[in-house]
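The file upload-v9.cif comes next; it holds mmCIF, C-alpha atoms.
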data_target
loop_
_atom_site.group_PDB
_atom_site.id
_atom_site.type_symbol
_atom_site.label_atom_id
_atom_site.label_comp_id
_atom_site.auth_asym_id
_atom_site.auth_seq_id
_atom_site.Cartn_x
_atom_site.Cartn_y
_atom_site.Cartn_z
ATOM 1 C CA MET A 170 -7.234 -5.344 5.865
ATOM 2 C CA ASN A 171 -6.115 -8.608 4.323
ATOM 3 C CA TYR A 172 -3.412 -10.966 5.508
ATOM 4 C CA TRP A 173 -0.838 -12.825 3.462
ATOM 5 C CA LEU A 174 2.262 -14.981 3.713
ATOM 6 C CA ILE A 175 5.402 -14.448 1.651
ATOM 7 C CA LYS A 176 8.217 -16.993 1.464
ATOM 8 C CA SER A 177 11.911 -16.555 0.963
ATOM 9 C CA GLU A 178 14.933 -18.729 1.477
ATOM 10 C CA PRO A 179 17.078 -16.952 4.074
ATOM 11 C CA SER A 180 20.161 -17.410 1.890
ATOM 12 C CA ALA A 181 18.377 -15.512 -0.916
ATOM 13 C CA TYR A 182 16.630 -12.815 1.152
ATOM 14 C CA SER A 183 16.122 -13.054 4.898
ATOM 15 C CA TRP A 184 14.010 -11.265 7.455
ATOM 16 C CA ASP A 185 17.212 -9.751 8.862
ATOM 17 C CA GLN A 186 17.996 -8.345 5.410
ATOM 18 C CA LEU A 187 14.544 -6.749 5.194
ATOM 19 C CA LEU A 188 15.116 -5.175 8.619
ATOM 20 C CA LYS A 189 18.449 -3.829 7.390
ATOM 21 C CA ASP A 190 17.049 -2.604 4.039
ATOM 22 C CA LYS A 191 13.917 -1.094 5.648
ATOM 23 C CA GLN A 192 11.985 -1.713 2.404
ATOM 24 C CA THR A 193 12.172 -4.049 -0.579
ATOM 25 C CA PHE A 194 10.472 -4.702 -3.911
ATOM 26 C CA TRP A 195 9.233 -8.309 -3.830
ATOM 27 C CA ASN A 196 9.925 -9.541 -7.348
ATOM 28 C CA GLY A 197 10.783 -12.720 -9.219
ATOM 29 C CA VAL A 198 7.437 -14.443 -8.589
ATOM 30 C CA ARG A 199 6.629 -16.668 -11.571
ATOM 31 C CA ASN A 200 3.549 -18.573 -10.435
ATOM 32 C CA TYR A 201 0.119 -17.374 -11.575
ATOM 33 C CA ALA A 202 -1.653 -17.936 -8.240
ATOM 34 C CA ALA A 203 1.146 -16.138 -6.359
ATOM 35 C CA ARG A 204 1.072 -13.321 -8.936
ATOM 36 C CA ASN A 205 -2.683 -12.924 -8.469
ATOM 37 C CA ASN A 206 -2.170 -12.729 -4.711
ATOM 38 C CA LEU A 207 0.422 -9.965 -5.197
ATOM 39 C CA LYS A 208 -2.039 -8.098 -7.417
ATOM 40 C CA ALA A 209 -4.732 -8.366 -4.726
ATOM 41 C CA MET A 210 -2.575 -6.826 -1.989
ATOM 42 C CA LYS A 211 -3.492 -3.351 -0.804
ATOM 43 C CA LYS A 212 -1.362 -0.742 0.925
ATOM 44 C CA GLY A 213 -1.453 -1.455 4.649
ATOM 45 C CA ASP A 214 -2.056 -5.214 4.323
ATOM 46 C CA LEU A 215 0.182 -7.403 6.492
ATOM 47 C CA ALA A 216 2.136 -10.483 5.406
ATOM 48 C CA PHE A 217 3.870 -13.106 7.476
ATOM 49 C CA PHE A 218 7.510 -13.491 6.419
ATOM 50 C CA TYR A 219 8.303 -17.204 6.159
ATOM 51 C CA HIS A 220 11.806 -18.638 5.881
ATOM 52 C CA SER A 221 11.532 -21.541 3.452
ATOM 53 C CA ASN A 222 13.929 -24.468 2.968
ATOM 54 C CA GLU A 223 16.244 -23.243 5.759
ATOM 55 C CA GLY A 224 14.401 -22.700 9.019
ATOM 56 C CA LEU A 225 10.859 -23.482 7.885
ATOM 57 C CA CYS A 226 9.245 -20.898 10.132
ATOM 58 C CA ILE A 227 7.436 -17.586 10.235
ATOM 59 C CA VAL A 228 9.806 -15.021 11.706
ATOM 60 C CA GLY A 229 8.197 -11.641 11.138
ATOM 61 C CA ILE A 230 5.412 -9.520 9.705
ATOM 62 C CA ALA A 231 5.903 -7.256 6.694
ATOM 63 C CA LYS A 232 3.594 -4.444 5.632
ATOM 64 C CA VAL A 233 2.574 -3.573 2.075
ATOM 65 C CA VAL A 234 3.833 -0.029 1.505
ATOM 66 C CA LYS A 235 3.267 0.133 -2.265
ATOM 67 C CA GLU A 236 0.809 -1.909 -4.307
ATOM 68 C CA HIS A 237 1.770 -4.004 -7.323
ATOM 69 C CA THR A 238 3.816 -2.572 -10.149
ATOM 70 C CA PRO A 239 5.391 -4.378 -13.116
ATOM 71 C CA ASP A 240 8.328 -6.637 -12.297
ATOM 72 C CA LYS A 241 11.114 -5.403 -14.547
ATOM 73 C CA THR A 242 13.044 -8.670 -14.034
ATOM 74 C CA ALA A 243 10.405 -10.483 -16.128
ATOM 75 C CA THR A 244 11.465 -11.038 -19.734
ATOM 76 C CA GLU A 245 8.004 -12.132 -20.886
ATOM 77 C CA GLY A 246 4.455 -12.160 -19.550
ATOM 78 C CA GLU A 247 2.679 -9.967 -17.024
ATOM 79 C CA TRP A 248 4.448 -10.259 -13.682
ATOM 80 C CA TYR A 249 4.310 -7.932 -10.728
ATOM 81 C CA GLY A 250 6.015 -7.077 -7.492
ATOM 82 C CA VAL A 251 4.964 -5.352 -4.297
ATOM 83 C CA ASP A 252 6.947 -3.109 -1.936
ATOM 84 C CA PHE A 253 7.195 -4.390 1.637
ATOM 85 C CA ALA A 254 8.620 -2.858 4.788
ATOM 86 C CA PRO A 255 9.240 -4.667 8.072
ATOM 87 C CA TYR A 256 6.361 -4.261 10.503
ATOM 88 C CA LYS A 257 7.190 -6.499 13.461
ATOM 89 C CA THR A 258 9.561 -9.312 14.398
ATOM 90 C CA LEU A 259 7.764 -12.230 16.028
ATOM 91 C CA LYS A 260 8.666 -12.773 19.668
ATOM 92 C CA LYS A 261 9.023 -16.507 18.935
ATOM 93 C CA PRO A 262 9.267 -17.971 15.400
ATOM 94 C CA VAL A 263 6.419 -20.328 14.510
ATOM 95 C CA THR A 264 7.644 -23.471 12.776
ATOM 96 C CA LEU A 265 5.948 -25.390 10.010
ATOM 97 C CA GLU A 266 5.896 -28.405 12.325
ATOM 98 C CA GLN A 267 3.990 -26.416 14.972
ATOM 99 C CA MET A 268 1.514 -25.147 12.369
ATOM 100 C CA LYS A 269 0.860 -28.643 11.015
ATOM 101 C CA LYS A 270 -0.036 -29.803 14.541
ATOM 102 C CA GLU A 271 -2.539 -26.978 15.079
ATOM 103 C CA PRO A 272 -6.096 -28.019 14.047
ATOM 104 C CA LEU A 273 -7.148 -24.438 13.258
ATOM 105 C CA LEU A 274 -4.330 -24.184 10.682
ATOM 106 C CA LYS A 275 -4.934 -27.496 8.869
ATOM 107 C CA THR A 276 -6.536 -25.727 5.879
ATOM 108 C CA MET A 277 -3.983 -22.904 5.707
ATOM 109 C CA GLU A 278 -2.656 -22.418 2.165
ATOM 110 C CA LEU A 279 0.948 -22.739 3.404
ATOM 111 C CA ILE A 280 0.117 -26.295 4.469
ATOM 112 C CA ARG A 281 -2.284 -27.269 1.665
ATOM 113 C CA ILE A 282 -0.393 -25.638 -1.236
ATOM 114 C CA SER A 283 3.154 -25.803 0.079
ATOM 115 C CA ARG A 284 4.864 -24.709 -3.165
ATOM 116 C CA LEU A 285 2.964 -21.410 -3.346
ATOM 117 C CA SER A 286 5.372 -18.536 -2.562
ATOM 118 C CA VAL A 287 2.701 -15.896 -1.874
ATOM 119 C CA SER A 288 -0.456 -17.096 -0.169
ATOM 120 C CA LYS A 289 -3.573 -15.847 1.576
ATOM 121 C CA VAL A 290 -3.965 -16.041 5.351
ATOM 122 C CA THR A 291 -7.382 -15.825 7.009
ATOM 123 C CA ASP A 292 -8.082 -13.587 9.993
ATOM 124 C CA LYS A 293 -8.370 -16.642 12.275
ATOM 125 C CA GLU A 294 -5.081 -18.097 10.965
ATOM 126 C CA PHE A 295 -3.328 -14.755 11.440
ATOM 127 C CA ASP A 296 -4.590 -14.425 15.017
ATOM 128 C CA LYS A 297 -3.669 -18.026 15.872
ATOM 129 C CA ILE A 298 -0.103 -17.627 14.578
ATOM 130 C CA LEU A 299 0.285 -14.395 16.557
ATOM 131 C CA GLN A 300 -0.885 -16.280 19.651
ATOM 132 C CA MET A 301 1.556 -19.133 18.958
ATOM 133 C CA SER A 302 4.393 -16.630 18.546
ATOM 134 C CA GLU A 303 3.473 -14.796 21.761
ATOM 135 C CA THR A 304 3.354 -11.577 19.713
ATOM 136 C CA LYS A 305 0.777 -8.821 20.153
#

Structure rendered as structure tokens:
Amino acid sequence: MNYWLIKSEPSAYSWDQLLKDKQTFWNGVRNYAARNNLKAMKKGDLAFFYHSNEGLCIVGIAKVVKEHTPDKTATEGEWYGVDFAPYKTLKKPVTLEQMKKEPLLKTMELIRISRLSVSKVTDKEFDKILQMSETK
């Protein structure tokens, strides 16, 4: 299993909305590195759900329920989306500030490549964030 992080502004699409919807097609990604990460996702992979701009914290874990398919919102180029379902709400959100202070997370893509909307998360990073969130 691989781990990921997906970002969304809560005013555009929040964790609470994903819980309500029960599943969503993650589309609109127009960055090549983020697109390649979407293409690499496999059914069953887990992704931290990060509230960007408002909140700046990881609030939940989503699960890949359907691998990449073409993003029909794209008017040109090869762009893809992935279907996610909520997997687990974190017991305590983990803020960007907390992550930046944690030595084990200093090389995390969220911190190093802050503009990337879909990023990889290592096993150690995933476990550390779960520990910080007091989530099992």

* **All residues 9 Å or closer to region 249-252 of chain A, all atoms listed in the file, same chain fewer than 2 positions away omitted, as a list in words** => Gln192, Thr193, Phe194, Trp195, Asn196, Gly197, Val198, Arg204, Asn205, Leu207, Lys208, Met210, Lys232, Val233, Val234, Lys235, Glu236, His237, Thr238, Pro239, Asp240, Lys241, Ala243, Glu247 and Ala254 of chain A

* To do: Could you expand the PyMOL selection byres ((chain A and resi 288-296) around 9) into the explicit residues it covers here, written as a VMD selection string?
  => chain A and resid 171 to 176 202 to 203 206 to 207 216 to 217 273 to 274 277 to 279 282 285 to 287 297 to 301

* Apply the PyMOL selection byres ((chain A and resi 229) around 10) to the displayed file and report the matching residues as a PyMOL selection string. => chain A and resi 184-185+187-188+216-220+226-228+230-231+255-263+299+302+304

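Going from CA of Trp248 (chain A) over to CA of Ala209 (chain A), you cover 13.0 Å.
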
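The spacing separating CA of Asp190 (chain A) from CA of Asn222 (chain A) amounts to 22.1 Å.
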
* To do: Using CA of Leu265 (chain A) and CA of Glu178 (chain A) as the two end points, give the distance in Å to one decimal.
  => 14.1 Å

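Of the listed residues (A:Thr244, A:Glu303, A:Leu225, A:Phe253), A:Phe253 comes nearest to Gly213 (chain A); the distances count only C-alpha atoms.
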
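When only C-alpha atoms are used to compute distances to Arg284 (chain A), the closest of the residues A:Lys191, A:Lys270, A:Lys212, A:Arg199 turns out to be A:Arg199.
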
Export of region 215-241 of chain A: N, CA and C atoms, as a PDB file, in the first residue's frame:
ATOM      1  N   LEU A 215      -4.172   4.848   0.796  1.00  0.00           N
ATOM      2  CA  LEU A 215      -4.750   5.846   1.701  1.00  0.00           C
ATOM      3  C   LEU A 215      -4.111   7.207   1.463  1.00  0.00           C
ATOM      4  N   ALA A 216      -4.918   8.257   1.637  1.00  0.00           N
ATOM      5  CA  ALA A 216      -4.435   9.629   1.428  1.00  0.00           C
ATOM      6  C   ALA A 216      -4.902  10.523   2.571  1.00  0.00           C
ATOM      7  N   PHE A 217      -3.962  11.239   3.153  1.00  0.00           N
ATOM      8  CA  PHE A 217      -4.355  12.254   4.125  1.00  0.00           C
ATOM      9  C   PHE A 217      -5.148  13.328   3.399  1.00  0.00           C
ATOM     10  N   PHE A 218      -6.182  13.836   4.041  1.00  0.00           N
ATOM     11  CA  PHE A 218      -6.998  14.927   3.504  1.00  0.00           C
ATOM     12  C   PHE A 218      -6.570  16.186   4.239  1.00  0.00           C
ATOM     13  N   TYR A 219      -5.989  17.119   3.492  1.00  0.00           N
ATOM     14  CA  TYR A 219      -5.412  18.341   4.055  1.00  0.00           C
ATOM     15  C   TYR A 219      -6.246  19.549   3.663  1.00  0.00           C
ATOM     16  N   HIS A 220      -6.657  20.328   4.653  1.00  0.00           N
ATOM     17  CA  HIS A 220      -7.355  21.585   4.390  1.00  0.00           C
ATOM     18  C   HIS A 220      -6.317  22.664   4.143  1.00  0.00           C
ATOM     19  N   SER A 221      -6.271  23.162   2.922  1.00  0.00           N
ATOM     20  CA  SER A 221      -5.299  24.201   2.565  1.00  0.00           C
ATOM     21  C   SER A 221      -5.926  25.589   2.677  1.00  0.00           C
ATOM     22  N   ASN A 222      -5.089  26.577   2.787  1.00  0.00           N
ATOM     23  CA  ASN A 222      -5.457  27.998   2.891  1.00  0.00           C
ATOM     24  C   ASN A 222      -6.278  28.322   4.140  1.00  0.00           C
ATOM     25  N   GLU A 223      -7.353  27.601   4.391  1.00  0.00           N
ATOM     26  CA  GLU A 223      -8.167  27.816   5.587  1.00  0.00           C
ATOM     27  C   GLU A 223      -8.005  26.584   6.475  1.00  0.00           C
ATOM     28  N   GLY A 224      -7.338  26.739   7.587  1.00  0.00           N
ATOM     29  CA  GLY A 224      -7.157  25.611   8.492  1.00  0.00           C
ATOM     30  C   GLY A 224      -5.725  25.111   8.516  1.00  0.00           C
ATOM     31  N   LEU A 225      -5.169  24.861   7.342  1.00  0.00           N
ATOM     32  CA  LEU A 225      -3.800  24.371   7.213  1.00  0.00           C
ATOM     33  C   LEU A 225      -3.530  23.174   8.118  1.00  0.00           C
ATOM     34  N   CYS A 226      -4.333  22.116   7.918  1.00  0.00           N
ATOM     35  CA  CYS A 226      -4.144  20.928   8.748  1.00  0.00           C
ATOM     36  C   CYS A 226      -4.695  19.685   8.053  1.00  0.00           C
ATOM     37  N   ILE A 227      -4.158  18.551   8.470  1.00  0.00           N
ATOM     38  CA  ILE A 227      -4.670  17.260   8.030  1.00  0.00           C
ATOM     39  C   ILE A 227      -5.822  16.900   8.955  1.00  0.00           C
ATOM     40  N   VAL A 228      -6.965  16.595   8.374  1.00  0.00           N
ATOM     41  CA  VAL A 228      -8.164  16.347   9.178  1.00  0.00           C
ATOM     42  C   VAL A 228      -8.714  14.933   9.049  1.00  0.00           C
ATOM     43  N   GLY A 229      -8.307  14.220   8.008  1.00  0.00           N
ATOM     44  CA  GLY A 229      -8.861  12.887   7.810  1.00  0.00           C
ATOM     45  C   GLY A 229      -8.026  12.053   6.862  1.00  0.00           C
ATOM     46  N   ILE A 230      -8.480  10.828   6.656  1.00  0.00           N
ATOM     47  CA  ILE A 230      -7.827   9.897   5.736  1.00  0.00           C
ATOM     48  C   ILE A 230      -8.886   9.413   4.746  1.00  0.00           C
ATOM     49  N   ALA A 231      -8.563   9.551   3.464  1.00  0.00           N
ATOM     50  CA  ALA A 231      -9.435   9.064   2.397  1.00  0.00           C
ATOM     51  C   ALA A 231      -8.816   7.799   1.797  1.00  0.00           C
ATOM     52  N   LYS A 232      -9.658   6.987   1.206  1.00  0.00           N
ATOM     53  CA  LYS A 232      -9.210   5.738   0.593  1.00  0.00           C
ATOM     54  C   LYS A 232      -9.500   5.768  -0.899  1.00  0.00           C
ATOM     55  N   VAL A 233      -8.543   5.317  -1.699  1.00  0.00           N
ATOM     56  CA  VAL A 233      -8.753   5.216  -3.144  1.00  0.00           C
ATOM     57  C   VAL A 233      -9.710   4.054  -3.392  1.00  0.00           C
ATOM     58  N   VAL A 234     -10.860   4.364  -3.990  1.00  0.00           N
ATOM     59  CA  VAL A 234     -11.848   3.319  -4.283  1.00  0.00           C
ATOM     60  C   VAL A 234     -11.939   3.021  -5.783  1.00  0.00           C
ATOM     61  N   LYS A 235     -11.387   3.910  -6.603  1.00  0.00           N
ATOM     62  CA  LYS A 235     -11.323   3.662  -8.047  1.00  0.00           C
ATOM     63  C   LYS A 235     -10.108   4.396  -8.580  1.00  0.00           C
ATOM     64  N   GLU A 236      -9.273   3.664  -9.324  1.00  0.00           N
ATOM     65  CA  GLU A 236      -8.044   4.238  -9.864  1.00  0.00           C
ATOM     66  C   GLU A 236      -8.337   5.256 -10.956  1.00  0.00           C
ATOM     67  N   HIS A 237      -7.301   5.924 -11.412  1.00  0.00           N
ATOM     68  CA  HIS A 237      -7.434   7.078 -12.306  1.00  0.00           C
ATOM     69  C   HIS A 237      -8.231   6.784 -13.578  1.00  0.00           C
ATOM     70  N   THR A 238      -9.053   7.761 -13.907  1.00  0.00           N
ATOM     71  CA  THR A 238      -9.802   7.771 -15.158  1.00  0.00           C
ATOM     72  C   THR A 238      -9.705   9.193 -15.703  1.00  0.00           C
ATOM     73  N   PRO A 239      -9.975   9.388 -16.992  1.00  0.00           N
ATOM     74  CA  PRO A 239      -9.857  10.739 -17.554  1.00  0.00           C
ATOM     75  C   PRO A 239     -10.736  11.756 -16.827  1.00  0.00           C
ATOM     76  N   ASP A 240     -10.184  12.935 -16.643  1.00  0.00           N
ATOM     77  CA  ASP A 240     -10.905  14.057 -16.039  1.00  0.00           C
ATOM     78  C   ASP A 240     -11.653  14.780 -17.146  1.00  0.00           C
ATOM     79  N   LYS A 241     -12.948  14.632 -17.151  1.00  0.00           N
ATOM     80  CA  LYS A 241     -13.774  15.219 -18.221  1.00  0.00           C
ATOM     81  C   LYS A 241     -13.887  16.739 -18.114  1.00  0.00           C
TER      82      LYS A 241
END
